[in-house]
file coords.tsv (TSV, C-alpha atoms)
chain	number	residue	atom	x	y	z
F	9	MET	CA	0.00	0.00	0.00
F	10	LEU	CA	1.52	3.37	-0.99
F	11	LEU	CA	2.16	5.54	2.05
F	12	ASN	CA	0.80	8.64	0.35
F	13	SER	CA	-2.33	7.03	-1.05
F	14	PRO	CA	-5.74	8.20	0.23
F	15	ALA	CA	-6.54	4.72	1.53
F	16	SER	CA	-3.20	4.51	3.31
F	17	LEU	CA	-3.75	7.88	4.94
F	18	PHE	CA	-7.16	6.63	6.02
F	19	PHE	CA	-5.55	3.79	7.95
F	20	LEU	CA	-2.78	5.96	9.34
F	21	GLN	CA	-5.43	8.20	10.86
F	22	THR	CA	-6.63	5.28	12.96
F	23	ALA	CA	-3.24	5.10	14.65
F	24	ARG	CA	-4.53	7.74	17.06
F	25	LEU	CA	-6.45	4.96	18.72
F	26	ARG	CA	-3.21	3.49	20.03
F	27	GLY	CA	-3.22	6.07	22.75
F	28	SER	CA	-6.50	4.86	24.21
F	29	VAL	CA	-6.78	3.97	27.87
F	30	MET	CA	-8.14	0.51	27.18
F	31	ASN	CA	-7.55	-2.18	29.76
F	32	PRO	CA	-6.65	-5.33	27.77
F	33	ASN	CA	-8.29	-7.62	30.29
F	34	HIS	CA	-11.53	-5.63	30.37
F	35	PRO	CA	-11.55	-3.92	26.99
F	36	PHE	CA	-14.39	-1.56	27.58
F	37	THR	CA	-13.55	-0.43	31.11
F	38	PHE	CA	-12.15	3.09	31.26
F	39	ALA	CA	-11.13	5.49	34.00
F	40	LEU	CA	-13.64	8.27	34.53
F	41	SER	CA	-11.33	11.25	34.83
F	42	ARG	CA	-11.93	14.20	32.55
F	43	ARG	CA	-8.33	14.02	31.33
F	44	LEU	CA	-8.66	10.40	30.23
F	45	LEU	CA	-12.00	11.04	28.57
F	46	LEU	CA	-10.40	13.80	26.53
F	47	ARG	CA	-7.47	11.57	25.61
F	48	ALA	CA	-9.86	8.79	24.65
F	49	GLY	CA	-11.04	10.71	21.66
F	50	ILE	CA	-13.48	13.53	22.27
F	51	GLY	CA	-13.02	16.20	19.61
F	52	ALA	CA	-11.21	19.28	20.91
F	53	ALA	CA	-13.86	21.57	19.48
F	54	THR	CA	-16.49	20.01	21.72
F	55	THR	CA	-14.63	19.62	25.01
F	56	THR	CA	-16.65	22.41	26.59
F	57	ALA	CA	-19.54	19.95	26.63
F	58	LEU	CA	-17.71	18.00	29.32
F	59	THR	CA	-17.55	20.64	32.06
F	60	PRO	CA	-18.44	19.90	34.75
F	61	LEU	CA	-18.02	16.15	34.18
F	62	PHE	CA	-20.56	14.89	36.68
F	63	ALA	CA	-23.05	17.75	36.40
F	64	GLN	CA	-26.66	17.01	35.55
F	65	SER	CA	-27.74	17.54	31.97
F	66	ARG	CA	-28.62	21.14	31.21
F	67	ALA	CA	-32.31	21.46	30.43
F	68	LYS	CA	-31.75	23.71	27.42
F	69	THR	CA	-28.77	21.89	25.93
F	70	LEU	CA	-28.73	18.44	24.40
F	71	ARG	CA	-25.23	16.91	24.40
F	72	ILE	CA	-24.88	14.15	21.81
F	73	GLY	CA	-21.99	11.72	21.49
F	74	TYR	CA	-21.33	10.34	18.02
F	75	GLN	CA	-18.76	8.37	16.07
F	76	LYS	CA	-17.54	8.63	12.52
F	77	PHE	CA	-19.60	7.02	9.78
F	78	ASN	CA	-22.90	6.45	11.48
F	79	THR	CA	-26.41	7.76	11.36
F	80	LEU	CA	-25.93	10.42	14.03
F	81	ASN	CA	-22.93	11.62	12.04
F	82	ILE	CA	-25.21	12.05	9.03
F	83	LEU	CA	-27.81	13.87	11.14
F	84	LYS	CA	-25.13	16.23	12.39
F	85	GLY	CA	-24.10	16.94	8.81
F	86	THR	CA	-27.62	17.95	7.78
F	87	GLY	CA	-28.05	20.53	10.56
F	88	GLN	CA	-31.75	19.68	10.77
F	89	LEU	CA	-31.82	18.71	14.42
F	90	GLU	CA	-30.67	22.17	15.49
F	91	LYS	CA	-33.46	23.73	13.46
F	92	ALA	CA	-36.07	21.35	14.88
F	93	LEU	CA	-35.11	22.09	18.50
F	94	GLU	CA	-34.62	25.82	18.05
F	95	ALA	CA	-38.28	26.66	18.67
F	96	ALA	CA	-38.10	24.91	22.05
F	97	GLY	CA	-34.99	26.89	22.95
F	98	VAL	CA	-32.81	23.76	23.05
F	99	LYS	CA	-29.27	23.97	21.74
F	100	VAL	CA	-27.32	20.96	20.48
F	101	GLU	CA	-23.70	20.22	21.34
F	102	TRP	CA	-21.87	17.42	19.51
F	103	ALA	CA	-18.95	15.44	20.92
F	104	GLU	CA	-17.03	13.09	18.63
F	105	PHE	CA	-15.57	9.87	20.04
F	106	LEU	CA	-13.10	7.42	18.55
F	107	GLY	CA	-15.18	4.47	19.73
F	108	GLY	CA	-18.35	3.37	21.45
F	109	SER	CA	-16.53	2.31	24.61
F	110	GLN	CA	-15.29	5.85	25.23
F	111	LEU	CA	-18.71	7.23	24.32
F	112	SER	CA	-20.58	4.95	26.73
F	113	GLU	CA	-18.15	5.81	29.51
F	114	ALA	CA	-18.80	9.52	28.99
F	115	LEU	CA	-22.55	8.84	28.91
F	116	ALA	CA	-22.40	6.94	32.19
F	117	ALA	CA	-20.35	9.77	33.72
F	118	GLY	CA	-22.94	12.38	32.74
F	119	ALA	CA	-20.61	14.12	30.29
F	120	ILE	CA	-23.12	13.69	27.46
F	121	ASP	CA	-26.86	13.03	27.40
F	122	PHE	CA	-27.40	10.71	24.45
F	123	GLY	CA	-25.33	8.66	22.03
F	124	HIS	CA	-24.92	5.51	20.01
F	125	ALA	CA	-22.67	2.47	20.15
F	126	SER	CA	-22.34	-0.99	18.65
F	127	ASP	CA	-24.01	-4.18	19.80
F	128	GLY	CA	-20.88	-5.37	21.62
F	129	ILE	CA	-20.55	-2.12	23.54
F	130	GLY	CA	-24.16	-2.48	24.64
F	131	VAL	CA	-23.41	-5.83	26.24
F	132	PHE	CA	-20.33	-4.54	28.05
F	133	GLN	CA	-21.96	-1.39	29.36
F	134	GLN	CA	-24.90	-3.37	30.74
F	135	ALA	CA	-22.63	-5.95	32.34
F	136	SER	CA	-20.62	-3.15	33.95
F	137	GLY	CA	-23.67	-2.03	35.90
F	138	LYS	CA	-23.41	1.59	34.78
F	139	GLY	CA	-27.18	1.79	34.33
F	140	LEU	CA	-27.45	2.92	30.72
F	141	VAL	CA	-30.55	1.93	28.78
F	142	TYR	CA	-31.26	1.09	25.16
F	143	LEU	CA	-33.74	3.50	23.57
F	144	ALA	CA	-33.80	2.30	19.94
F	145	ALA	CA	-31.86	0.34	17.35
F	146	GLU	CA	-30.62	0.88	13.83
F	147	SER	CA	-31.39	-1.48	10.95
F	148	PRO	CA	-29.19	-4.56	10.56
F	149	TYR	CA	-25.84	-4.01	8.86
F	150	PRO	CA	-24.37	-7.52	8.46
F	151	GLY	CA	-22.21	-6.56	5.48
F	152	GLY	CA	-20.46	-3.94	7.58
F	153	VAL	CA	-18.37	-6.48	9.50
F	154	GLY	CA	-16.28	-9.19	7.88
F	155	PHE	CA	-13.02	-11.11	7.54
F	156	LEU	CA	-10.47	-10.63	4.79
F	157	VAL	CA	-7.84	-12.94	3.35
F	158	PRO	CA	-5.27	-12.21	0.62
F	159	ARG	CA	-6.74	-12.65	-2.82
F	160	ASP	CA	-4.29	-15.47	-3.63
F	161	SER	CA	-4.69	-17.18	-0.24
F	162	PRO	CA	-5.42	-20.95	-0.31
F	163	ILE	CA	-8.08	-20.30	2.35
F	164	ARG	CA	-11.41	-20.66	0.58
F	165	SER	CA	-13.82	-21.43	3.39
F	166	VAL	CA	-14.19	-20.95	7.11
F	167	ARG	CA	-13.05	-24.55	7.67
F	168	ASP	CA	-9.71	-23.63	6.12
F	169	LEU	CA	-9.06	-21.32	9.08
F	170	LYS	CA	-8.45	-24.34	11.35
F	171	GLY	CA	-5.06	-23.98	12.99
F	172	LYS	CA	-4.53	-20.52	11.49
F	173	ARG	CA	-3.81	-17.16	13.15
F	174	VAL	CA	-6.84	-14.88	12.83
F	175	VAL	CA	-6.97	-11.26	13.94
F	176	THR	CA	-9.95	-10.02	15.91
F	177	GLY	CA	-10.67	-7.74	18.85
F	178	ARG	CA	-11.41	-9.16	22.27
F	179	GLY	CA	-15.10	-8.47	22.84
F	180	TYR	CA	-15.57	-6.88	19.42
F	181	ASN	CA	-18.40	-7.68	17.04
F	182	THR	CA	-15.75	-9.25	14.81
F	183	GLN	CA	-15.07	-11.80	17.53
F	184	TYR	CA	-18.74	-12.68	17.80
F	185	VAL	CA	-19.07	-13.05	14.01
F	186	LEU	CA	-15.95	-15.24	13.95
F	187	ILE	CA	-17.29	-17.51	16.68
F	188	ARG	CA	-20.63	-17.88	14.93
F	189	ALA	CA	-18.95	-18.60	11.58
F	190	LEU	CA	-16.72	-21.27	13.12
F	191	GLU	CA	-19.72	-22.92	14.79
F	192	ALA	CA	-21.61	-22.95	11.48
F	193	ALA	CA	-18.62	-24.69	9.89
F	194	GLY	CA	-18.45	-27.33	12.62
F	195	LEU	CA	-15.41	-25.81	14.33
F	196	ARG	CA	-14.78	-24.42	17.80
F	197	TYR	CA	-13.14	-21.13	18.69
F	198	GLU	CA	-10.23	-23.17	20.08
F	199	ASP	CA	-9.61	-24.55	16.59
F	200	ILE	CA	-8.07	-21.26	15.47
F	201	GLU	CA	-5.35	-19.11	17.05
F	202	PRO	CA	-6.93	-15.73	17.82
F	203	VAL	CA	-4.68	-12.70	17.63
F	204	TYR	CA	-6.13	-9.82	19.64
F	205	ILE	CA	-5.45	-6.36	18.28
F	206	VAL	CA	-7.11	-3.15	19.46
F	207	THR	CA	-7.05	-0.79	16.47
F	208	ALA	CA	-7.92	-1.05	12.81
F	209	SER	CA	-4.51	0.32	11.81
F	210	ASP	CA	-2.67	-2.34	13.81
F	211	THR	CA	-4.97	-4.97	12.33
F	212	VAL	CA	-4.01	-3.96	8.80
F	213	ALA	CA	-0.33	-3.75	9.74
F	214	ALA	CA	-0.39	-7.35	11.00
F	215	TYR	CA	-2.18	-8.41	7.84
F	216	GLN	CA	0.37	-6.76	5.56
F	217	SER	CA	3.24	-8.31	7.50
F	218	GLY	CA	2.03	-11.75	6.43
F	219	SER	CA	2.05	-12.99	10.02
F	220	VAL	CA	-1.68	-13.76	10.12
F	221	ALA	CA	-4.01	-15.66	7.80
F	222	ALA	CA	-7.13	-13.47	8.11
F	223	ILE	CA	-8.31	-10.27	9.75
F	224	GLY	CA	-11.66	-9.05	11.03
F	225	LEU	CA	-12.70	-5.45	10.45
F	226	TRP	CA	-15.79	-3.26	10.47
F	227	ASP	CA	-16.85	-0.42	8.19
F	228	PRO	CA	-15.51	1.99	7.18
F	229	PHE	CA	-12.20	0.23	7.99
F	230	LEU	CA	-13.34	-2.97	6.28
F	231	ALA	CA	-14.13	-1.04	3.11
F	232	GLY	CA	-10.82	0.80	3.38
F	233	ALA	CA	-8.87	-2.46	3.59
F	234	GLN	CA	-10.76	-3.92	0.65
F	235	ILE	CA	-9.71	-0.97	-1.48
F	236	ALA	CA	-6.18	-0.50	-0.13
F	237	THR	CA	-5.09	-4.15	-0.15
F	238	ASN	CA	-5.26	-7.03	-2.59
F	239	SER	CA	-7.89	-8.92	-0.61
F	240	ARG	CA	-11.20	-10.72	-0.76
F	241	VAL	CA	-13.94	-11.13	1.83
F	242	LEU	CA	-13.93	-14.67	3.20
F	243	PHE	CA	-17.21	-14.07	5.05
F	244	ASP	CA	-19.16	-11.21	6.54
F	245	GLY	CA	-21.92	-11.01	9.14
F	246	THR	CA	-24.69	-12.20	6.82
F	247	GLY	CA	-26.67	-14.89	8.61
F	248	LEU	CA	-24.40	-14.55	11.66
F	249	SER	CA	-24.98	-11.12	13.20
F	250	GLY	CA	-27.24	-8.12	12.74
F	251	ASN	CA	-24.27	-5.87	13.50
F	252	ARG	CA	-26.63	-3.20	14.76
F	253	THR	CA	-25.97	0.20	16.25
F	254	TYR	CA	-28.00	1.08	19.36
F	255	HIS	CA	-28.97	4.41	20.91
F	256	PHE	CA	-28.37	4.85	24.64
F	257	ALA	CA	-29.06	7.27	27.49
F	258	GLN	CA	-29.26	7.28	31.26
F	259	PRO	CA	-32.81	6.26	32.26
F	260	GLY	CA	-33.39	9.38	34.37
F	261	TYR	CA	-32.44	11.70	31.54
F	262	ALA	CA	-34.52	9.75	29.01
F	263	ARG	CA	-37.67	9.82	31.14
F	264	ALA	CA	-37.28	13.52	31.95
F	265	ASN	CA	-36.60	14.61	28.37
F	266	GLN	CA	-38.90	12.48	26.24
F	267	ASP	CA	-40.04	15.39	24.05
F	268	ILE	CA	-36.45	16.29	23.17
F	269	LEU	CA	-35.54	12.69	22.43
F	270	ARG	CA	-38.70	12.18	20.39
F	271	THR	CA	-37.60	15.11	18.21
F	272	VAL	CA	-34.14	13.55	17.89
F	273	PHE	CA	-35.58	10.29	16.60
F	274	THR	CA	-38.00	12.09	14.27
F	275	GLU	CA	-35.11	13.94	12.66
F	276	LEU	CA	-32.92	10.85	12.71
F	277	ARG	CA	-35.59	8.94	10.82
F	278	LYS	CA	-35.73	11.69	8.21
F	279	ALA	CA	-31.94	11.67	7.88
F	280	ASN	CA	-31.94	7.90	7.47
F	281	GLU	CA	-34.63	8.03	4.80
F	282	TRP	CA	-32.62	10.68	2.95
F	283	ALA	CA	-29.41	8.63	3.27
F	284	GLN	CA	-31.09	5.50	1.96
F	285	ALA	CA	-32.40	7.35	-1.10
F	286	HIS	CA	-29.24	9.39	-1.77
F	287	PRO	CA	-26.11	7.27	-1.18
F	288	ALA	CA	-23.97	9.49	-3.40
F	289	ASP	CA	-24.99	12.54	-1.40
F	290	VAL	CA	-24.12	10.71	1.83
F	291	VAL	CA	-20.60	10.19	0.50
F	292	ALA	CA	-20.36	13.83	-0.59
F	293	THR	CA	-21.56	14.99	2.83
F	294	LEU	CA	-19.35	12.75	4.96
F	295	ALA	CA	-16.10	12.55	2.97
F	296	PRO	CA	-14.92	16.09	3.82
F	297	GLN	CA	-16.10	15.73	7.43
F	298	LEU	CA	-14.34	12.44	7.98
F	299	LYS	CA	-11.37	13.06	5.68
F	300	VAL	CA	-11.87	9.61	4.23
F	301	ASP	CA	-11.44	8.57	0.60
F	302	PRO	CA	-14.87	8.85	-1.09
F	303	LYS	CA	-14.31	5.41	-2.66
F	304	VAL	CA	-14.12	3.90	0.82
F	305	LEU	CA	-17.34	5.58	1.92
F	306	ALA	CA	-19.10	4.63	-1.30
F	307	LEU	CA	-18.31	0.94	-0.79
F	308	ALA	CA	-19.44	1.04	2.84
F	309	THR	CA	-22.59	3.02	2.05
F	310	GLU	CA	-23.80	0.80	-0.77
F	311	ARG	CA	-24.07	-2.24	1.50
F	312	ARG	CA	-25.80	-0.44	4.34
F	313	GLN	CA	-29.51	-0.29	5.12
F	314	TYR	CA	-30.38	2.92	6.94
F	315	GLY	CA	-33.27	3.18	9.37
F	316	VAL	CA	-33.96	3.63	13.09
F	317	VAL	CA	-36.35	1.07	14.56
F	318	ALA	CA	-38.11	0.43	17.87
F	319	LEU	CA	-36.78	-2.23	20.22
F	320	THR	CA	-38.57	-5.57	19.88
F	321	PRO	CA	-38.40	-9.05	21.46
F	322	ALA	CA	-36.67	-10.25	18.27
F	323	ILE	CA	-33.97	-7.60	18.64
F	324	ALA	CA	-33.58	-8.54	22.33
F	325	LYS	CA	-33.07	-12.17	21.32
F	326	GLU	CA	-30.53	-11.16	18.70
F	327	GLN	CA	-28.58	-9.11	21.23
F	328	GLN	CA	-28.91	-11.84	23.86
F	329	GLY	CA	-26.96	-14.19	21.61
F	330	LEU	CA	-24.03	-11.80	21.76
F	331	ALA	CA	-24.30	-11.47	25.54
F	332	ASP	CA	-24.39	-15.24	26.04
F	333	VAL	CA	-21.26	-15.78	23.95
F	334	PHE	CA	-19.36	-13.06	25.80
F	335	ALA	CA	-20.42	-14.58	29.12
F	336	GLN	CA	-19.20	-18.02	28.01
F	337	LEU	CA	-15.84	-16.51	27.08
F	338	LYS	CA	-15.79	-14.73	30.46
F	339	LEU	CA	-15.42	-11.39	28.73
F	340	ILE	CA	-18.15	-10.08	31.01
F	341	PRO	CA	-18.27	-10.91	34.74
F	342	LYS	CA	-21.65	-12.62	34.72
F	343	PRO	CA	-24.55	-13.49	32.40
F	344	ILE	CA	-27.06	-10.72	31.74
F	345	GLU	CA	-30.60	-10.41	30.42
F	346	VAL	CA	-30.43	-7.84	27.63
F	347	LYS	CA	-34.15	-7.06	27.73
F	348	ASP	CA	-33.73	-5.74	31.28
F	349	ALA	CA	-31.88	-2.73	29.83
F	350	PHE	CA	-34.52	-1.94	27.19
F	351	LEU	CA	-36.52	1.23	27.98
F	352	ASP	CA	-39.68	1.60	25.94
F	353	LEU	CA	-40.78	5.23	25.92
F	354	ASN	CA	-42.44	5.07	22.51
F	355	LEU	CA	-39.77	7.39	21.08
F	356	VAL	CA	-39.61	5.74	17.65
call {"tool": "encode", "arguments": {"input": "coords.tsv", "output": "structure tokens"}}
result
Amino acid sequence: MLLNSPASLFFLQTARLRGSVMNPNHPFTFALSRRLLLRAGIGAATTTALTPLFAQSRAKTLRIGYQKFNTLNILKGTGQLEKALEAAGVKVEWAEFLGGSQLSEALAAGAIDFGHASDGIGVFQQASGKGLVYLAAESPYPGGVGFLVPRDSPIRSVRDLKGKRVVTGRGYNTQYVLIRALEAAGLRYEDIEPVYIVTASDTVAAYQSGSVAAIGLWDPFLAGAQIATNSRVLFDGTGLSGNRTYHFAQPGYARANQDILRTVFTELRKANEWAQAHPADVVATLAPQLKVDPKVLALATERRQYGVVALTPAIAKEQQGLADVFAQLKLIPKPIEVKDAFLDLNLV
């Protein structure tokens, strides 16, 4: 991969993640100090949203945590939420996070009021006892998580991974997808040699070194690797995982600010409908914001289904599968019932 290519620069940007405060034994447990939260990836332009850290949410300000390449990111780009809340005198402050683990920690600390994170983060935050609740889910995105092998690799099926070194993240959705794929192929997790890497950039570096047989990534990093390297997708999350994003808040804030949150989801639904109908415009809107090669965003966008949906028993069952696997691997301290953290306020 050329060091000055757009795709290469895309991966180099992810190297910032190496400075995270992640505990390798408990990957989504973070210290709650303001300094560490700032280091963990909150955009400098929005750090004023974090003072004071443990203060209650301000009634006339909605503080939203978001990550790159997701539906809240698109909503931010449209500017429509600010217009919708202006009549009620509510201002919106946006805080960007490098990952859902940092975002959920800030949410639990009261540094933000509302935000989104992946399915795996949802399991960890619930198991941690921080008290966050699920408010809604995004549509399934199984093609947004997958495993790559070199194009000329002799590995042609999941069964060919037996005895091989495979990169994943401990407690990541890639790990769950890998476990489910191995089970479907009649293999156990112990039949492969997992290599645990924290960041997307380190994952690609290990891949390019030739020291591993396959790597697991998620969009937009998966799309970036497909474009930047001579690879093919061995399997993705289709039939294995919904790979959903979920929206979270503290229960007290959610109950006290239902009108504000209902407006958020109304505007989010509109943004999702627009994104689904205008994929090229999504790329044009996000590429300059994210400083990501438009080709990468185009590939990731074309396989995504946009849409915010209400929580259902079927979604609870889907998420429970993830929680049960993580409990079996002892990645969380004890089994949990996912549905216990669902809060139905009829917001969607």
call {"tool": "closest_atom_pairs", "arguments": {"input": "coords.tsv", "of": "segment 121-225 of chain F", "to": "segment 240-253 of chain F", "cutoff": "8 Å", "atoms": "all atoms listed in the file", "output": "Markdown table"}}
result
| residue | atom | partner | partner_atom | distance |
| --- | --- | --- | --- | --- |
| F:His124 | CA | F:Thr253 | CA | 6.6 |
| F:Ala125 | CA | F:Thr253 | CA | 5.6 |
| F:Ser126 | CA | F:Thr253 | CA | 4.5 |
| F:Asp127 | CA | F:Arg252 | CA | 5.8 |
| F:Ala145 | CA | F:Thr253 | CA | 6.0 |
| F:Glu146 | CA | F:Thr253 | CA | 5.3 |
| F:Ser147 | CA | F:Arg252 | CA | 6.3 |
| F:Pro148 | CA | F:Gly250 | CA | 4.6 |
| F:Tyr149 | CA | F:Asn251 | CA | 5.2 |
| F:Pro150 | CA | F:Gly245 | CA | 4.3 |
| F:Gly151 | CA | F:Asp244 | CA | 5.7 |
| F:Gly152 | CA | F:Asn251 | CA | 7.3 |
| F:Val153 | CA | F:Asp244 | CA | 5.6 |
| F:Gly154 | CA | F:Asp244 | CA | 3.8 |
| F:Phe155 | CA | F:Leu242 | CA | 5.7 |
| F:Leu156 | CA | F:Val241 | CA | 4.6 |
| F:Val157 | CA | F:Arg240 | CA | 5.8 |
| F:Pro158 | CA | F:Arg240 | CA | 6.3 |
| F:Arg159 | CA | F:Arg240 | CA | 5.3 |
| F:Arg164 | CA | F:Leu242 | CA | 7.0 |
| F:Ser165 | CA | F:Leu242 | CA | 6.8 |
| F:Val166 | CA | F:Leu242 | CA | 7.4 |
| F:Asn181 | CA | F:Asn251 | CA | 7.1 |
| F:Tyr184 | CA | F:Ser249 | CA | 7.9 |
| F:Val185 | CA | F:Gly245 | CA | 6.0 |
| F:Arg188 | CA | F:Leu248 | CA | 6.0 |
| F:Ala189 | CA | F:Leu248 | CA | 6.8 |
call {"tool": "atom_distance", "arguments": {"input": "coords.tsv", "atom1": "atom CA of Asp199 of chain F", "atom2": "atom CA of Glu326 of chain F"}}
result
24.9 Å
call {"tool": "residues_around", "arguments": {"input": "coords.tsv", "residues": "Thr86 of chain F", "least_positions_apart": "4", "cutoff": "9 Å", "atoms": "all atoms listed in the file", "output": "JSON, numbers by chain"}}
result
{"F": [81, 82, 279, 293]}
call {"tool": "atom_distance", "arguments": {"input": "coords.tsv", "atom1": "atom CA of Ala213 of chain F", "atom2": "atom CA of Ala236 of chain F"}}
result
11.9 Å
call {"tool": "atom_distance", "arguments": {"input": "coords.tsv", "atom1": "atom CA of Pro341 of chain F", "atom2": "atom CA of Leu115 of chain F"}}
result
21.0 Å
call {"tool": "residues_around", "arguments": {"input": "coords.tsv", "residues": "segment 67-74 of chain F", "least_positions_apart": "4", "cutoff": "6 Å", "atoms": "all atoms listed in the file", "output": "number ranges by chain"}}
result
F: 98-104, 120-123
call {"tool": "closest_residue", "arguments": {"input": "coords.tsv", "among": "F:Ile187, F:Ile200, F:Trp282, F:Ile268", "to": "Lys172 of chain F", "atoms": "only C-alpha atoms"}}
result
F:Ile200
call {"tool": "decode", "arguments": {"input": "coords.tsv", "residues": "segment 86-149 of chain F", "atoms": "C-alpha atoms", "output": "compact mmCIF listing (two decimals), in the first residue's frame"}}
result
# COMPACT_ATOMS: atom_id res chain seq x y z
CA THR F 86 -27.62 17.95 7.78
CA GLY F 87 -28.05 20.53 10.56
CA GLN F 88 -31.75 19.68 10.77
CA LEU F 89 -31.82 18.71 14.42
CA GLU F 90 -30.67 22.17 15.49
CA LYS F 91 -33.46 23.73 13.46
CA ALA F 92 -36.07 21.35 14.88
CA LEU F 93 -35.11 22.09 18.50
CA GLU F 94 -34.62 25.82 18.05
CA ALA F 95 -38.28 26.66 18.67
CA ALA F 96 -38.10 24.91 22.05
CA GLY F 97 -34.99 26.89 22.95
CA VAL F 98 -32.81 23.76 23.05
CA LYS F 99 -29.27 23.97 21.74
CA VAL F 100 -27.32 20.96 20.48
CA GLU F 101 -23.70 20.22 21.34
CA TRP F 102 -21.87 17.42 19.51
CA ALA F 103 -18.95 15.44 20.92
CA GLU F 104 -17.03 13.09 18.63
CA PHE F 105 -15.57 9.87 20.04
CA LEU F 106 -13.10 7.42 18.55
CA GLY F 107 -15.18 4.47 19.73
CA GLY F 108 -18.35 3.37 21.45
CA SER F 109 -16.53 2.31 24.61
CA GLN F 110 -15.29 5.85 25.23
CA LEU F 111 -18.71 7.23 24.32
CA SER F 112 -20.58 4.95 26.73
CA GLU F 113 -18.15 5.81 29.51
CA ALA F 114 -18.80 9.52 28.99
CA LEU F 115 -22.55 8.84 28.91
CA ALA F 116 -22.40 6.94 32.19
CA ALA F 117 -20.35 9.77 33.72
CA GLY F 118 -22.94 12.38 32.74
CA ALA F 119 -20.61 14.12 30.29
CA ILE F 120 -23.12 13.69 27.46
CA ASP F 121 -26.86 13.03 27.40
CA PHE F 122 -27.40 10.71 24.45
CA GLY F 123 -25.33 8.66 22.03
CA HIS F 124 -24.92 5.51 20.01
CA ALA F 125 -22.67 2.47 20.15
CA SER F 126 -22.34 -0.99 18.65
CA ASP F 127 -24.01 -4.18 19.80
CA GLY F 128 -20.88 -5.37 21.62
CA ILE F 129 -20.55 -2.12 23.54
CA GLY F 130 -24.16 -2.48 24.64
CA VAL F 131 -23.41 -5.83 26.24
CA PHE F 132 -20.33 -4.54 28.05
CA GLN F 133 -21.96 -1.39 29.36
CA GLN F 134 -24.90 -3.37 30.74
CA ALA F 135 -22.63 -5.95 32.34
CA SER F 136 -20.62 -3.15 33.95
CA GLY F 137 -23.67 -2.03 35.90
CA LYS F 138 -23.41 1.59 34.78
CA GLY F 139 -27.18 1.79 34.33
CA LEU F 140 -27.45 2.92 30.72
CA VAL F 141 -30.55 1.93 28.78
CA TYR F 142 -31.26 1.09 25.16
CA LEU F 143 -33.74 3.50 23.57
CA ALA F 144 -33.80 2.30 19.94
CA ALA F 145 -31.86 0.34 17.35
CA GLU F 146 -30.62 0.88 13.83
CA SER F 147 -31.39 -1.48 10.95
CA PRO F 148 -29.19 -4.56 10.56
CA TYR F 149 -25.84 -4.01 8.86
